[in-house]
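Asker: For reference, the file input32.csv (CSV, C-alpha atoms) is included below:
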```csv
chain,number,residue,atom,x,y,z
A,826,MET,CA,163.2,146.1,140.4
A,827,GLU,CA,162.0,142.5,139.9
A,828,LYS,CA,158.5,141.5,141.0
A,829,GLU,CA,156.7,138.2,141.2
A,830,VAL,CA,154.9,137.7,138.0
A,831,MET,CA,151.3,136.6,137.4
A,832,LEU,CA,150.6,135.3,133.9
A,833,VAL,CA,147.0,135.7,132.7
A,834,ALA,CA,146.1,134.0,129.4
A,835,GLY,CA,142.8,135.4,128.0
A,836,ALA,CA,141.6,139.0,128.6
A,837,GLY,CA,138.1,138.1,129.7
A,838,GLN,CA,136.0,138.8,132.8
A,839,ILE,CA,136.9,135.7,134.7
A,840,GLY,CA,140.7,136.3,134.3
A,841,LEU,CA,140.1,140.0,135.3
A,842,ALA,CA,138.2,139.0,138.4
A,843,ILE,CA,141.0,136.6,139.5
A,844,ALA,CA,143.7,139.2,138.7
A,845,ARG,CA,142.1,141.8,140.8
A,846,ARG,CA,141.7,139.4,143.7
A,847,LEU,CA,145.3,138.1,143.6
A,848,GLY,CA,147.5,140.3,141.4
A,849,TYR,CA,148.3,143.1,143.9
A,850,GLY,CA,152.0,143.7,144.3
A,851,ARG,CA,152.8,141.6,141.3
A,852,LYS,CA,153.6,142.3,137.7
A,853,ILE,CA,150.5,141.1,135.8
A,854,VAL,CA,151.3,140.0,132.3
A,855,VAL,CA,148.1,139.4,130.2
A,856,GLY,CA,148.1,137.8,126.8
A,857,ASP,CA,145.2,137.6,124.3
A,858,LYS,CA,145.0,136.8,120.6
A,859,LYS,CA,143.5,140.3,120.2
A,860,GLU,CA,146.0,142.8,121.4
A,861,GLN,CA,143.2,145.4,121.9
A,862,ASN,CA,141.5,143.1,124.4
A,863,ALA,CA,144.8,142.7,126.3
A,864,LYS,CA,145.2,146.5,126.4
A,865,ALA,CA,141.7,147.1,127.6
A,866,PHE,CA,142.2,144.5,130.4
A,867,ALA,CA,145.5,146.0,131.4
A,868,GLY,CA,144.0,149.5,131.3
A,869,VAL,CA,141.3,148.5,133.8
A,870,LEU,CA,143.9,147.1,136.2
A,871,GLU,CA,146.2,150.1,135.8
A,872,GLN,CA,143.4,152.5,136.6
A,873,ALA,CA,142.8,150.5,139.8
A,874,GLY,CA,146.5,150.7,140.9
A,875,PHE,CA,147.8,147.4,139.5
A,876,ASP,CA,151.0,147.0,137.4
A,877,ALA,CA,149.9,145.3,134.2
A,878,LEU,CA,151.5,144.6,130.8
A,879,PRO,CA,149.4,143.7,127.8
A,880,LEU,CA,150.8,141.3,125.1
A,881,GLU,CA,149.5,139.6,122.0
A,882,MET,CA,149.5,135.9,122.5
A,883,ASP,CA,147.9,133.1,120.5
A,884,LEU,CA,147.1,130.0,122.6
A,885,ALA,CA,147.0,127.8,119.5
A,886,SER,CA,150.8,128.5,118.9
A,887,ARG,CA,153.6,127.0,121.0
A,888,ALA,CA,156.0,129.7,119.7
A,889,SER,CA,153.6,132.4,120.7
A,890,ILE,CA,153.2,130.9,124.2
A,891,GLN,CA,157.0,130.7,124.6
A,892,ALA,CA,157.4,134.3,123.5
A,893,PHE,CA,154.7,135.3,126.0
A,894,ILE,CA,156.5,133.5,128.8
A,895,ALA,CA,159.9,134.8,127.9
A,896,GLN,CA,158.6,138.4,127.9
A,897,ALA,CA,157.1,137.9,131.3
A,898,GLN,CA,160.3,136.5,132.7
A,899,LYS,CA,162.0,139.8,132.1
A,900,TYR,CA,160.1,141.2,135.1
A,901,GLY,CA,160.8,138.5,137.6
A,902,GLU,CA,159.9,134.9,138.5
A,903,ILE,CA,156.6,133.5,137.4
A,904,THR,CA,154.7,132.5,140.5
A,905,MET,CA,151.1,132.5,139.3
A,906,LEU,CA,149.3,131.3,136.1
A,907,VAL,CA,145.7,132.1,135.3
A,908,ASN,CA,144.6,130.4,132.1
A,909,ALA,CA,141.2,131.8,131.1
A,910,ALA,CA,141.7,131.7,127.4
A,911,GLY,CA,139.7,129.8,124.9
A,912,VAL,CA,136.8,129.7,122.4
A,913,SER,CA,133.3,128.5,122.8
A,914,PRO,CA,131.2,126.1,120.7
A,915,SER,CA,129.3,129.0,119.2
A,916,GLN,CA,132.5,130.9,118.3
A,917,ALA,CA,134.6,128.5,116.4
A,918,PRO,CA,134.6,125.3,114.3
A,919,VAL,CA,135.6,121.9,115.7
A,920,GLU,CA,139.2,122.2,114.5
A,921,ALA,CA,139.8,125.5,116.2
A,922,ILE,CA,138.2,124.4,119.5
A,923,LEU,CA,140.6,121.4,119.6
A,924,GLN,CA,143.6,123.5,118.5
A,925,VAL,CA,143.0,126.3,121.1
A,926,ASP,CA,141.1,124.8,124.1
A,927,LEU,CA,142.7,121.4,124.0
A,928,TYR,CA,146.1,121.6,122.5
A,929,GLY,CA,146.8,125.2,123.5
A,930,THR,CA,145.9,124.6,127.1
A,931,ALA,CA,148.1,121.5,127.2
A,932,VAL,CA,151.1,123.5,125.8
A,933,LEU,CA,150.6,126.4,128.2
A,934,LEU,CA,150.5,124.1,131.2
A,935,GLU,CA,153.6,122.3,130.0
A,936,GLU,CA,155.6,125.5,129.1
A,937,VAL,CA,154.7,127.3,132.4
A,938,GLY,CA,155.5,124.1,134.3
A,939,LYS,CA,159.1,124.3,133.0
A,940,VAL,CA,159.6,127.8,134.6
A,941,ILE,CA,157.2,128.1,137.5
A,942,ALA,CA,158.9,129.2,140.7
A,943,PRO,CA,158.9,127.0,143.8
A,944,GLY,CA,155.7,127.7,145.7
A,945,GLY,CA,154.0,128.8,142.5
A,946,VAL,CA,150.4,128.1,141.7
A,947,GLY,CA,148.1,128.0,138.7
A,948,VAL,CA,144.5,127.6,137.7
A,949,THR,CA,143.1,126.8,134.3
A,950,ILE,CA,139.4,127.6,133.6
A,951,SER,CA,137.7,124.5,132.2
A,952,SER,CA,133.9,124.1,132.0
A,953,GLN,CA,130.9,122.2,133.3
A,954,SER,CA,130.8,120.8,129.8
A,955,GLY,CA,133.6,118.4,130.6
A,956,HIS,CA,131.3,116.9,133.3
A,957,ARG,CA,128.3,116.4,131.0
A,958,MET,CA,129.9,114.1,128.4
A,959,LYS,CA,129.5,110.3,128.6
A,960,GLN,CA,132.4,108.9,130.6
A,961,LEU,CA,135.5,107.9,128.6
A,962,SER,CA,137.3,104.6,129.1
A,963,PRO,CA,140.3,104.6,131.5
A,964,GLU,CA,142.6,104.2,128.5
A,965,GLU,CA,141.1,107.3,126.7
A,966,ASP,CA,141.4,109.4,129.9
A,967,GLU,CA,145.0,108.3,130.2
A,968,GLN,CA,145.6,109.3,126.6
A,969,LEU,CA,144.2,112.7,127.2
A,970,ALA,CA,146.3,113.1,130.4
A,971,CYS,CA,149.7,111.7,129.2
A,972,THR,CA,150.0,111.8,125.5
A,973,PRO,CA,153.0,114.0,124.4
A,974,THR,CA,151.5,117.4,123.6
A,975,GLU,CA,152.5,117.4,120.0
A,976,GLU,CA,150.7,114.1,119.4
A,977,LEU,CA,147.5,114.9,121.2
A,978,LEU,CA,145.5,116.0,118.1
A,979,ALA,CA,146.4,112.7,116.4
A,980,LEU,CA,144.5,110.6,119.0
A,981,ASP,CA,141.8,108.5,117.5
A,982,LEU,CA,139.1,109.8,119.8
A,983,LEU,CA,139.8,113.4,118.6
A,984,GLN,CA,139.5,112.7,114.9
A,985,PRO,CA,136.7,114.6,113.1
A,986,ALA,CA,134.8,111.5,112.1
A,987,ARG,CA,134.3,110.7,115.8
A,988,ILE,CA,133.2,114.3,116.8
A,989,ARG,CA,129.5,115.0,116.4
A,990,ASP,CA,129.6,118.8,116.5
A,991,THR,CA,131.3,121.8,118.1
A,992,LEU,CA,129.7,121.2,121.5
A,993,HIS,CA,131.1,117.6,121.5
A,994,ALA,CA,134.6,119.0,120.6
A,995,TYR,CA,134.3,121.5,123.5
A,996,GLN,CA,133.3,118.8,125.9
A,997,LEU,CA,136.3,116.7,124.8
A,998,ALA,CA,138.6,119.7,125.1
A,999,LYS,CA,137.4,120.4,128.7
A,1000,ARG,CA,137.7,116.8,129.7
A,1001,CYS,CA,141.3,116.9,128.4
A,1002,ASN,CA,141.9,120.1,130.4
A,1003,GLU,CA,140.9,118.3,133.7
A,1004,LYS,CA,143.0,115.2,132.9
A,1005,ARG,CA,146.0,117.3,131.8
A,1006,VAL,CA,145.9,119.3,135.0
A,1007,MET,CA,146.0,116.0,137.0
A,1008,ALA,CA,149.1,114.8,135.0
A,1009,GLU,CA,150.8,118.2,135.1
A,1010,SER,CA,150.3,118.5,138.8
A,1011,VAL,CA,152.7,115.7,139.3
A,1012,LYS,CA,155.4,117.5,137.3
A,1013,TRP,CA,154.6,120.9,138.9
A,1014,GLY,CA,154.9,119.1,142.3
A,1015,GLU,CA,158.5,118.2,141.6
A,1016,LYS,CA,159.2,122.0,141.6
A,1017,GLY,CA,157.1,122.6,144.7
A,1018,ALA,CA,154.3,124.2,142.7
A,1019,ARG,CA,150.5,123.5,142.4
A,1020,ILE,CA,148.0,123.5,139.5
A,1021,ASN,CA,144.2,123.0,139.6
A,1022,SER,CA,141.3,123.6,137.3
A,1023,ILE,CA,137.9,125.2,137.8
A,1024,SER,CA,134.9,124.2,135.8
A,1025,PRO,CA,132.3,127.0,135.8
A,1026,GLY,CA,128.8,126.8,134.6
A,1027,ILE,CA,126.9,129.7,133.1
A,1028,ILE,CA,128.8,132.9,134.2
A,1029,VAL,CA,127.5,136.3,133.2
A,1030,THR,CA,130.1,137.9,130.9
A,1031,PRO,CA,129.7,139.9,127.7
A,1032,LEU,CA,130.0,136.6,125.8
A,1033,ALA,CA,127.3,135.0,127.9
A,1034,LEU,CA,125.0,138.0,127.3
A,1035,ASP,CA,125.5,137.5,123.6
A,1036,GLU,CA,124.6,133.8,124.0
A,1037,PHE,CA,121.5,134.7,126.1
A,1038,ASN,CA,120.3,136.9,123.2
A,1039,GLY,CA,121.3,134.5,120.5
A,1040,PRO,CA,119.8,131.3,118.9
A,1041,ARG,CA,120.8,129.2,122.0
A,1042,GLY,CA,119.5,131.8,124.5
A,1043,ASP,CA,116.4,129.8,125.5
A,1044,PHE,CA,118.6,126.8,126.2
A,1045,TYR,CA,120.9,128.7,128.5
A,1046,LYS,CA,118.1,130.5,130.3
A,1047,ASN,CA,116.3,127.2,130.9
A,1048,MET,CA,119.6,125.7,132.3
A,1049,PHE,CA,120.1,128.3,135.0
A,1050,ALA,CA,116.4,128.6,135.7
A,1051,LYS,CA,116.2,124.8,136.5
A,1052,CYS,CA,119.5,124.5,138.4
A,1053,PRO,CA,119.3,124.5,142.2
A,1054,ALA,CA,120.8,128.0,142.4
A,1055,GLY,CA,118.2,129.3,140.0
A,1056,ARG,CA,120.5,131.8,138.4
A,1057,PRO,CA,123.7,132.2,136.5
A,1058,GLY,CA,127.0,132.9,138.3
A,1059,THR,CA,129.4,135.8,138.3
A,1060,ALA,CA,133.1,136.1,137.5
A,1061,ASP,CA,133.7,137.1,141.1
A,1062,GLU,CA,132.3,133.8,142.3
A,1063,VAL,CA,134.8,132.0,140.2
A,1064,ALA,CA,137.5,134.2,141.6
A,1065,ASN,CA,136.4,133.2,145.1
A,1066,VAL,CA,137.3,129.6,144.3
A,1067,ALA,CA,140.5,130.7,142.6
A,1068,GLU,CA,141.5,132.7,145.6
A,1069,LEU,CA,141.2,129.5,147.8
A,1070,LEU,CA,143.1,127.4,145.4
A,1071,MET,CA,145.9,129.9,144.8
A,1072,SER,CA,146.3,130.9,148.5
A,1073,ASP,CA,148.0,129.2,151.4
A,1074,LYS,CA,144.6,127.9,152.4
A,1075,GLY,CA,144.7,125.7,149.4
A,1076,ALA,CA,148.2,124.4,150.0
A,1077,PHE,CA,147.0,120.7,150.1
A,1078,ILE,CA,145.0,121.0,146.9
A,1079,THR,CA,146.6,120.2,143.5
A,1080,GLY,CA,145.6,118.2,140.5
A,1081,ALA,CA,142.0,118.8,141.3
A,1082,ASP,CA,139.0,120.1,139.4
A,1083,PHE,CA,136.3,122.3,141.0
A,1084,LEU,CA,132.8,122.3,139.5
A,1085,ILE,CA,131.1,125.7,140.1
A,1086,ASP,CA,127.8,125.7,138.2
A,1087,GLY,CA,125.0,126.3,140.7
A,1088,GLY,CA,124.1,122.7,140.6
A,1089,ALA,CA,123.3,122.6,136.8
A,1090,THR,CA,125.3,119.4,136.3
A,1091,ALA,CA,123.5,117.7,139.2
A,1092,SER,CA,120.2,118.8,137.7
A,1093,TYR,CA,121.3,117.5,134.3
A,1094,PHE,CA,121.9,114.0,135.7
A,1095,TYR,CA,119.3,113.8,138.5
A,1096,GLY,CA,116.8,116.7,138.1
A,1097,PRO,CA,114.7,118.6,135.8
A,1098,LEU,CA,117.5,119.2,133.3
A,1099,LYS,CA,117.9,115.5,132.7
A,1100,PRO,CA,117.6,114.8,128.9
A,1101,GLN,CA,114.4,113.0,127.9
A,1102,ASP,CA,115.1,109.8,126.0
```
As structure tokens - that is how I would like this structure written.
Answerer:
Amino acid sequence: MEKEVMLVAGAGQIGLAIARRLGYGRKIVVGDKKEQNAKAFAGVLEQAGFDALPLEMDLASRASIQAFIAQAQKYGEITMLVNAAGVSPSQAPVEAILQVDLYGTAVLLEEVGKVIAPGGVGVTISSQSGHRMKQLSPEEDEQLACTPTEELLALDLLQPARIRDTLHAYQLAKRCNEKRVMAESVKWGEKGARINSISPGIIVTPLALDEFNGPRGDFYKNMFAKCPAGRPGTADEVANVAELLMSDKGAFITGADFLIDGGATASYFYGPLKPQD
């Protein structure tokens, strides 16, 4: 018996929260570079009554993404995409961040866009970091949005000599995610489908807890202490936004990015988190 299929890229807490909110009655196919992570993710869902399949999937590889999609199609039409995969500035070097977070996300949106069912919806998890970086020129934004995917990493603004550190690479990747979603939403719209991005701030996950207790811990604790909300967020609060965007209540929303950071970015530009010159 065929079911509607929800694709989940990345077996983390945010993807899990969204899958639990919207995956009932669907075949949830989760892919992660570490197969054991995908199995743990699927196990939690299975124990809660969901129908989940874990697969190994490398977001940095088009062939791996295509195989992931092809396997999912055996169970029915793909009607939902949740892209919560990626690496952080403290996890990987510049090259890996660009290969996974920037190129890989662009490939996933492109490949799913080819097969998404009419009425289908998707969200990709970006980051507040994309909103912190100095504004790019209109020409650079268009390059990030529209350059053929296999040529993205050859763009001048993405060359190592122009990238200061892993945080800068991450900011560029997340800016590209937002612009890519805008461009892809036009193509998805031709199939009657929608795609948006969500840019979370500090969300409590196992990775975030490691960061809080690591060398950058004081930086992160200061950030959420001085944001208007005065606290970090939870994966379920990100899922609240995803539920709006992926339900009929969000039927007029596509090609948009939603910043959900407790006001940290506002504080960065206009409040106590503003960098001192």
Asker: Identify the residues around (144.8, 132.8, 130.1) within a radius of 7 Å, measuring from all atoms listed in the file in the coordinates stated by the file, and give them as JSON, numbers by chain.
Answerer: {"A": [833, 834, 835, 840, 856, 907, 908, 909, 910]}
Asker: Between A:Ala836, A:Leu982, A:Leu969, A:Ala1018, which one has atoms that come closest to Ile1078 of chain A, using all atoms listed in the file?
Answerer: A:Ala1018
Asker: Ranking A:Gly837, A:Ala877, A:Gln861, A:Arg846 by minimum distance to Leu1069 of chain A and counting only C-alpha atoms, which one comes first?
Answerer: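 Result for the nearest residue to Leu1069 of chain A: A:Arg846.
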Asker: Can you work out which one of A:Ala970, A:Ile903, A:Val932, A:Val946 has the shortest atom-to-atom distance to Asp1073 of chain A, counting all atoms listed in the file?
Answerer: A:Val946
Asker: Using all atoms listed in the file, can you tell me which of A:Thr1090, A:Gln898, A:Leu884, A:Pro1053 comes closest to Ile853 of chain A?
Answerer: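 Nearest candidate to Ile853 of chain A out of A:Thr1090, A:Gln898, A:Leu884, A:Pro1053: A:Gln898.
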Asker: Tell me which of A:Asp876, A:Glu829, A:Glu1009, A:Glu902 sits closest to Leu933 of chain A, counting all atoms listed in the file.
Answerer: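 For Leu933 of chain A, the nearest of the candidates is A:Glu1009.
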Asker: Counting all atoms listed in the file, figure out which residue out of A:Ala863, A:Cys1001, A:Leu870, A:Met1071 gets nearest to Tyr928 of chain A.
Answerer: A:Cys1001
Asker: Quick one: everything within 12 Å of Ala873 of chain A, counting all atoms listed in the file, minus sequence neighbours fewer than 2 positions away in the same chain. Send it as a list of chain:residue names.
Answerer: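 My list of contacting residues is A:Leu841, A:Ala844, A:Arg845, A:Arg846, A:Gly848, A:Tyr849, A:Phe866, A:Ala867, A:Gly868, A:Val869, A:Leu870, A:Glu871, A:Phe875, A:Asp876, A:Ala877.
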Asker: What's the 10 Å shell around Pro943 of chain A, counting all atoms listed in the file, without same-chain residues fewer than 5 positions away, as a list in words?
Answerer: Glu902, Ile903, Thr904, Trp1013, Gly1014, Glu1015, Lys1016, Gly1017, Ala1018 and Arg1019 of chain A
Asker: For Met958 of chain A, find every residue with an atom within 10 Å (counting all atoms listed in the file), except residues of its own chain fewer than 3 positions away, and show them as JSON, numbers by chain.
Answerer: {"A": [953, 954, 955, 961, 992, 993, 995, 996, 997, 999, 1000]}
Asker: Work out how far apart atom CA of Asn1047 of chain A and atom CA of Thr991 of chain A are and give it in Å to one decimal.
Answerer: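 These two atoms are separated by 20.4 Å.
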Asker: At a cut-off of 12 Å, using all atoms listed in the file, what residues contact Ile894 of chain A? Leave out same-chain residues fewer than 5 positions from it and give the result as a compact mmCIF listing (two decimals) with C-alpha atoms, in the frame of the given file.
Answerer:
```
# COMPACT_ATOMS: atom_id res chain seq x y z
CA VAL A 830 154.90 137.70 138.00
CA MET A 831 151.30 136.60 137.40
CA LEU A 832 150.60 135.30 133.90
CA VAL A 833 147.00 135.70 132.70
CA ALA A 834 146.10 134.00 129.40
CA ILE A 853 150.50 141.10 135.80
CA VAL A 854 151.30 140.00 132.30
CA VAL A 855 148.10 139.40 130.20
CA GLY A 856 148.10 137.80 126.80
CA LEU A 880 150.80 141.30 125.10
CA GLU A 881 149.50 139.60 122.00
CA MET A 882 149.50 135.90 122.50
CA ASP A 883 147.90 133.10 120.50
CA LEU A 884 147.10 130.00 122.60
CA ARG A 887 153.60 127.00 121.00
CA ALA A 888 156.00 129.70 119.70
CA SER A 889 153.60 132.40 120.70
CA LYS A 899 162.00 139.80 132.10
CA TYR A 900 160.10 141.20 135.10
CA GLY A 901 160.80 138.50 137.60
CA GLU A 902 159.90 134.90 138.50
CA ILE A 903 156.60 133.50 137.40
CA THR A 904 154.70 132.50 140.50
CA MET A 905 151.10 132.50 139.30
CA LEU A 906 149.30 131.30 136.10
CA VAL A 932 151.10 123.50 125.80
CA LEU A 933 150.60 126.40 128.20
CA LEU A 934 150.50 124.10 131.20
CA GLU A 935 153.60 122.30 130.00
CA GLU A 936 155.60 125.50 129.10
CA VAL A 937 154.70 127.30 132.40
CA GLY A 938 155.50 124.10 134.30
CA LYS A 939 159.10 124.30 133.00
CA VAL A 940 159.60 127.80 134.60
CA ILE A 941 157.20 128.10 137.50
```
Asker: I'd like the interatomic distance between atom CA of Ala1091 of chain A and atom CA of Leu1034 of chain A, to a tenth of an Å.
Answerer: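 Between these atoms lies a distance of 23.6 Å.
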Asker: I want to know what sits within 10 Å of Ala842 of chain A, based on only C-alpha atoms, with residues of the same chain fewer than 6 positions away left out; could you give that as a list in words?
Answerer: Gly848, Thr1059, Ala1060, Asp1061, Glu1062, Val1063, Ala1064, Asn1065 and Ala1067 of chain A
Asker: For a test of reading the model, state the distance in Å between atom CA of Pro1025 of chain A and atom CA of Gly1087 of chain A, rounded to one decimal.
Answerer: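 Distance between the two atoms: 8.8 Å.
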Asker: Around (132.8, 127.7, 125.0) in the file's own coordinates, what residues are found within 10 Å if you use all atoms listed in the file, given back as a list in words?
Answerer: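 So the residues meeting the distance criterion are Gly911, Val912, Ser913, Pro914, Ser915, Gln916, Ala917, Ile922, Asp926, Ser951, Ser952, Ser954, Thr991, Leu992, Ala994, Tyr995, Gln996, Ala998, Lys999, Leu1032 and Ala1033 of chain A.
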